[in-house]
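A.B. asks: One structure, as structure tokens, below. Some questions next.
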Amino acid sequence: MSKPFFCLAPLAGISDSAFRQICKECGADIVLTEMVSAEGLSRKQPKTLDLIRFSPKERPIILQLFGKNPESFGRAAEVIENLLPQEKPDGIDLNLGCPSRKVKSHGSGITLMRDPDLVNKIIAAINTNTDLPLSIKIRAGIKKEKITASKFISQINWRKLTAISVHGRYLEQGFSGAVDYLEIKKIKEIVGNKIVIGNGGIKDLKSAKIMLEKTKVDGLMIGQGALGRPWIFEEIKKASAEVFPPPLLNIIKIALKHTHLIIKLKGEEKGMREMRKHLLWYFRGFTQAKKIRQELVRVQSLNELKGIFGKLNADLSLS
């Protein structure tokens, strides 16, 4: 794969198979699943198994696991290893960066950056039970505790990893604020030829260029920047912001295809309910956005959505 390459970040409740397929069509080179519980997967819980299903169109796809128990990670890796070839992902990613209160309260996500020894046990447990490539996703650190990504990496067995993704914000920042490009660059300097992926604050061509120039990473991971704008991957690849966003009619086509995919995946009732947030992201920041968003937030069926889009076409003389 040529560098830089572009990844869709793991987004809980968002990056399901439907959204991953749309992002792949819009230029993403690699997609990651939503966060999957290692404990749930180790027990083969039906809801957890649903999260790891994917379309062949999504390859290469990385399955992201979260948890805190090395034994659970080991059993989860064994479950993955024993999947049929067509069901097996192309790699496993270990979440060490999620700042959400729920994940932290379980001792998972970024909490694990406090315990390098435990992380090493988890890495060993996964690698013992599968030959799939293993990567990790971390944050710049925990500022008030003086935990930094570079210090953490120096304390773990990073040579056992294929890649390291670094969200350049600290725990205290959540998903906003300045990105610490220097800390990401330090990771690349420490691990040398290992793949390092920069994440955080990438919302357009300009911010992508800044991340690449300041960190020298091998690839970029985009999360929030792809919400309602899955074509961001193509925008960056073509290095031409002038042709983006696409015309409104093309956005309607993308949103409709996304809707068809999510309904196929989850059924119309649940699919439309989950699709509403995506529709609000797709249709923001243009003339009459407020009016159409008021309709989209209540839409309940595919036919109703087509009616809204048909009227929008007529109103803007796009048909």
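The way I read the labels, and the way they are meant: chains A, B, ... in the order of the structure tokens, residue 1 as the first residue of every chain, and ligand 1 as the first ligand shown, with later ones counted on from there.
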Excluding stretch 135-147 of chain A and residues on its chain fewer than 6 positions from it, collect all residues at most 9 Å away from it, counting only C-alpha atoms, and give them as a ChimeraX atom specification.
C.D. replies: /A:64,91-99,109-110,113-114,160-172,179-181,183-184,197,199
A.B. asks: Write out as a ChimeraX atom specification the residues lying within 12 Å of A:Lys3, counting only C-alpha atoms and excluding same-chain residues fewer than 3 positions away.
C.D. replies: /A:6-7,29,195-197,212,216-220,237
A.B. asks: Mind writing the picked residues with C-alpha atoms as a PDB file, in the first residue's frame?
C.D. replies:
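Full text of selection.pdb as output:
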```pdb
ATOM      1  CA  PHE A   6      -5.896   6.719   4.896  1.00  0.00           C
ATOM      2  CA  CYS A   7      -7.941   4.926   7.563  1.00  0.00           C
ATOM      3  CA  ASP A  29      -7.755   2.552   2.224  1.00  0.00           C
ATOM      4  CA  ILE A 195       4.012   2.046  10.827  1.00  0.00           C
ATOM      5  CA  VAL A 196       2.727   5.106  12.694  1.00  0.00           C
ATOM      6  CA  ILE A 197      -0.663   6.634  11.940  1.00  0.00           C
ATOM      7  CA  LEU A 212       1.797  14.794   7.588  1.00  0.00           C
ATOM      8  CA  LYS A 216       6.204  12.390   9.323  1.00  0.00           C
ATOM      9  CA  VAL A 217       3.664   9.626   9.922  1.00  0.00           C
ATOM     10  CA  ASP A 218       2.974   6.865   7.408  1.00  0.00           C
ATOM     11  CA  GLY A 219      -0.782   7.290   7.309  1.00  0.00           C
ATOM     12  CA  LEU A 220      -3.722   9.288   8.594  1.00  0.00           C
ATOM     13  CA  LYS A 237      -5.902  11.963  -1.978  1.00  0.00           C
TER      14      LYS A 237
END
```
A.B. asks: I need the alpha helix (DSSP H) residues of stretch 4-104 of chain A per DSSP on the backbone, written as an MDAnalysis selection string.
C.D. replies: chainID A and resid 17:25 38:42 46:51 70:81 101:104
A.B. asks: So that I can see what lies close to stretch 259-267 of chain A, please list as a list in words the residues with an atom at most 9 Å from it, counting only C-alpha atoms and leaving out residues fewer than 5 positions away in the same chain.
C.D. replies: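 Listed by chain and then number, they are Asp16, Ser17, Ala18, Phe19, Gln21, Ile22, Ile254, Met272, Glu274, Met275, Leu279 and Leu302 of chain A.
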A.B. asks: So that I can check the secondary structure, give me every residue of stretch 57-121 of chain A assigned strand (DSSP E or B) by backbone DSSP, as a ChimeraX atom specification.
C.D. replies: /A:61-66,91-95
A.B. asks: Would you mind listing what lies within 12 Å of A:Trp281 as a tab-separated table (two decimals) with N, CA and C atoms, in the first residue's frame, with only C-alpha atoms counted and same-chain residues fewer than 5 positions away left out?
C.D. replies:
```tsv
chain	number	residue	atom	x	y	z
A	14	ILE	N	-21.18	4.30	15.23
A	14	ILE	CA	-21.17	5.03	13.95
A	14	ILE	C	-20.55	4.21	12.83
A	224	GLN	N	-14.02	12.01	13.18
A	224	GLN	CA	-15.05	13.05	13.14
A	224	GLN	C	-15.07	13.78	11.80
A	225	GLY	N	-13.92	13.91	11.16
A	225	GLY	CA	-13.85	14.61	9.89
A	225	GLY	C	-14.60	13.92	8.76
A	226	ALA	N	-14.93	12.63	8.96
A	226	ALA	CA	-15.65	11.88	7.94
A	226	ALA	C	-17.15	11.85	8.18
A	227	LEU	N	-17.62	12.42	9.29
A	227	LEU	CA	-19.05	12.39	9.61
A	227	LEU	C	-19.80	13.34	8.68
A	228	GLY	N	-20.63	12.77	7.84
A	228	GLY	CA	-21.34	13.57	6.85
A	228	GLY	C	-20.48	14.01	5.70
A	229	ARG	N	-19.21	13.61	5.72
A	229	ARG	CA	-18.27	13.98	4.66
A	229	ARG	C	-17.34	12.80	4.35
A	230	PRO	N	-17.90	11.64	4.01
A	230	PRO	CA	-17.03	10.49	3.74
A	230	PRO	C	-16.09	10.69	2.57
A	251	ILE	N	-24.41	14.50	-3.00
A	251	ILE	CA	-24.55	14.22	-1.57
A	251	ILE	C	-25.83	13.42	-1.33
A	255	ALA	N	-26.03	9.79	0.38
A	255	ALA	CA	-26.88	9.57	1.56
A	255	ALA	C	-27.91	8.48	1.30
A	275	MET	N	-29.86	6.00	11.08
A	275	MET	CA	-29.42	6.80	9.93
A	275	MET	C	-29.65	8.29	10.14
A	276	ARG	N	-30.58	8.62	11.04
A	276	ARG	CA	-30.92	10.04	11.21
A	276	ARG	C	-29.70	10.90	11.55
A	286	PHE	N	-25.38	24.42	4.45
A	286	PHE	CA	-25.72	24.98	3.15
A	286	PHE	C	-27.11	25.62	3.22
A	289	ALA	N	-30.43	24.47	5.09
A	289	ALA	CA	-30.02	23.32	5.91
A	289	ALA	C	-30.92	23.15	7.13
A	290	LYS	N	-31.25	24.24	7.79
A	290	LYS	CA	-32.06	24.15	9.01
A	290	LYS	C	-33.41	23.52	8.73
A	292	ILE	N	-34.39	21.50	6.17
A	292	ILE	CA	-34.36	20.09	5.81
A	292	ILE	C	-33.94	19.22	6.99
A	293	ARG	N	-33.06	19.72	7.85
A	293	ARG	CA	-32.63	18.95	9.02
A	293	ARG	C	-33.80	18.72	9.98
A	296	LEU	N	-35.45	15.75	8.48
A	296	LEU	CA	-34.62	14.55	8.53
A	296	LEU	C	-34.55	13.94	9.92
A	297	VAL	N	-34.61	14.77	10.94
A	297	VAL	CA	-34.50	14.25	12.30
A	297	VAL	C	-35.71	13.42	12.70
```
A.B. asks: Work out how far apart atom CA of A:Lys186 and atom CA of A:Phe5 are and give it in Å to one decimal.
C.D. replies: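 Result for atom CA of A:Lys186 versus atom CA of A:Phe5: 19.8 Å, one decimal.
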A.B. asks: Find the residues around A:His106 up to 12 Å (only C-alpha atoms counted), leave out those fewer than 2 positions away in its own chain, and share them as a list in words.
C.D. replies: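 Those residues are Ser37, Glu39, Phe66, Gly67, Lys68, Asn69, Cys98, Pro99, Ser100, Arg101, Lys102, Val103, Lys104, Ser108, Gly109, Ile110, Thr111 and Leu112 of chain A.
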A.B. asks: For A:Ser42, work out the shell of residues within 6 Å, counting only C-alpha atoms and skipping chain neighbours fewer than 6 positions away, then give it as an mmCIF file with N, CA and C atoms, in the first residue's frame.
C.D. replies:
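Result saved to around-v2.cif:
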```cif
data_model
loop_
_atom_site.group_PDB
_atom_site.id
_atom_site.type_symbol
_atom_site.label_atom_id
_atom_site.label_comp_id
_atom_site.auth_asym_id
_atom_site.auth_seq_id
_atom_site.Cartn_x
_atom_site.Cartn_y
_atom_site.Cartn_z
ATOM 1 N N SER A 72 -9.181 -12.587 28.658
ATOM 2 C CA SER A 72 -10.299 -12.333 27.743
ATOM 3 C C SER A 72 -9.788 -11.982 26.350
ATOM 4 N N ARG A 75 -8.655 -15.234 24.688
ATOM 5 C CA ARG A 75 -9.773 -16.052 24.205
ATOM 6 C C ARG A 75 -10.442 -15.402 22.996
ATOM 7 N N ALA A 76 -10.557 -14.062 23.026
ATOM 8 C CA ALA A 76 -11.139 -13.341 21.890
ATOM 9 C C ALA A 76 -10.285 -13.533 20.642
#
```
A.B. asks: Hey, which of A:Glu25, A:Asp115, A:Leu312, A:Gly13 ends up closest to A:Trp231? Count only C-alpha atoms.
C.D. replies: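 Between A:Glu25, A:Asp115, A:Leu312, A:Gly13, the residue approaching A:Trp231 most closely is A:Glu25.
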A.B. asks: Calculate how many Å separate atom CA of A:Leu8 from atom CA of A:Arg20, rounding to one decimal.
C.D. replies: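 So the two atoms, atom CA of A:Leu8 and atom CA of A:Arg20, lie 7.5 Å apart.
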A.B. asks: Residues at most 12 Å from A:Asp131, counting only C-alpha atoms, excluding those fewer than 2 positions away in the same chain, as a PyMOL selection string?
C.D. replies: chain A and resi 77-78+80-82+88-92+124-129+133-134+160-162
A.B. asks: Using only C-alpha atoms, can you tell me which of A:Glu268, A:Gly201, A:Lys47, A:Ala149 comes closest to A:Asn303?
C.D. replies: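 Counting only C-alpha atoms, the residue closest to A:Asn303 is A:Glu268.
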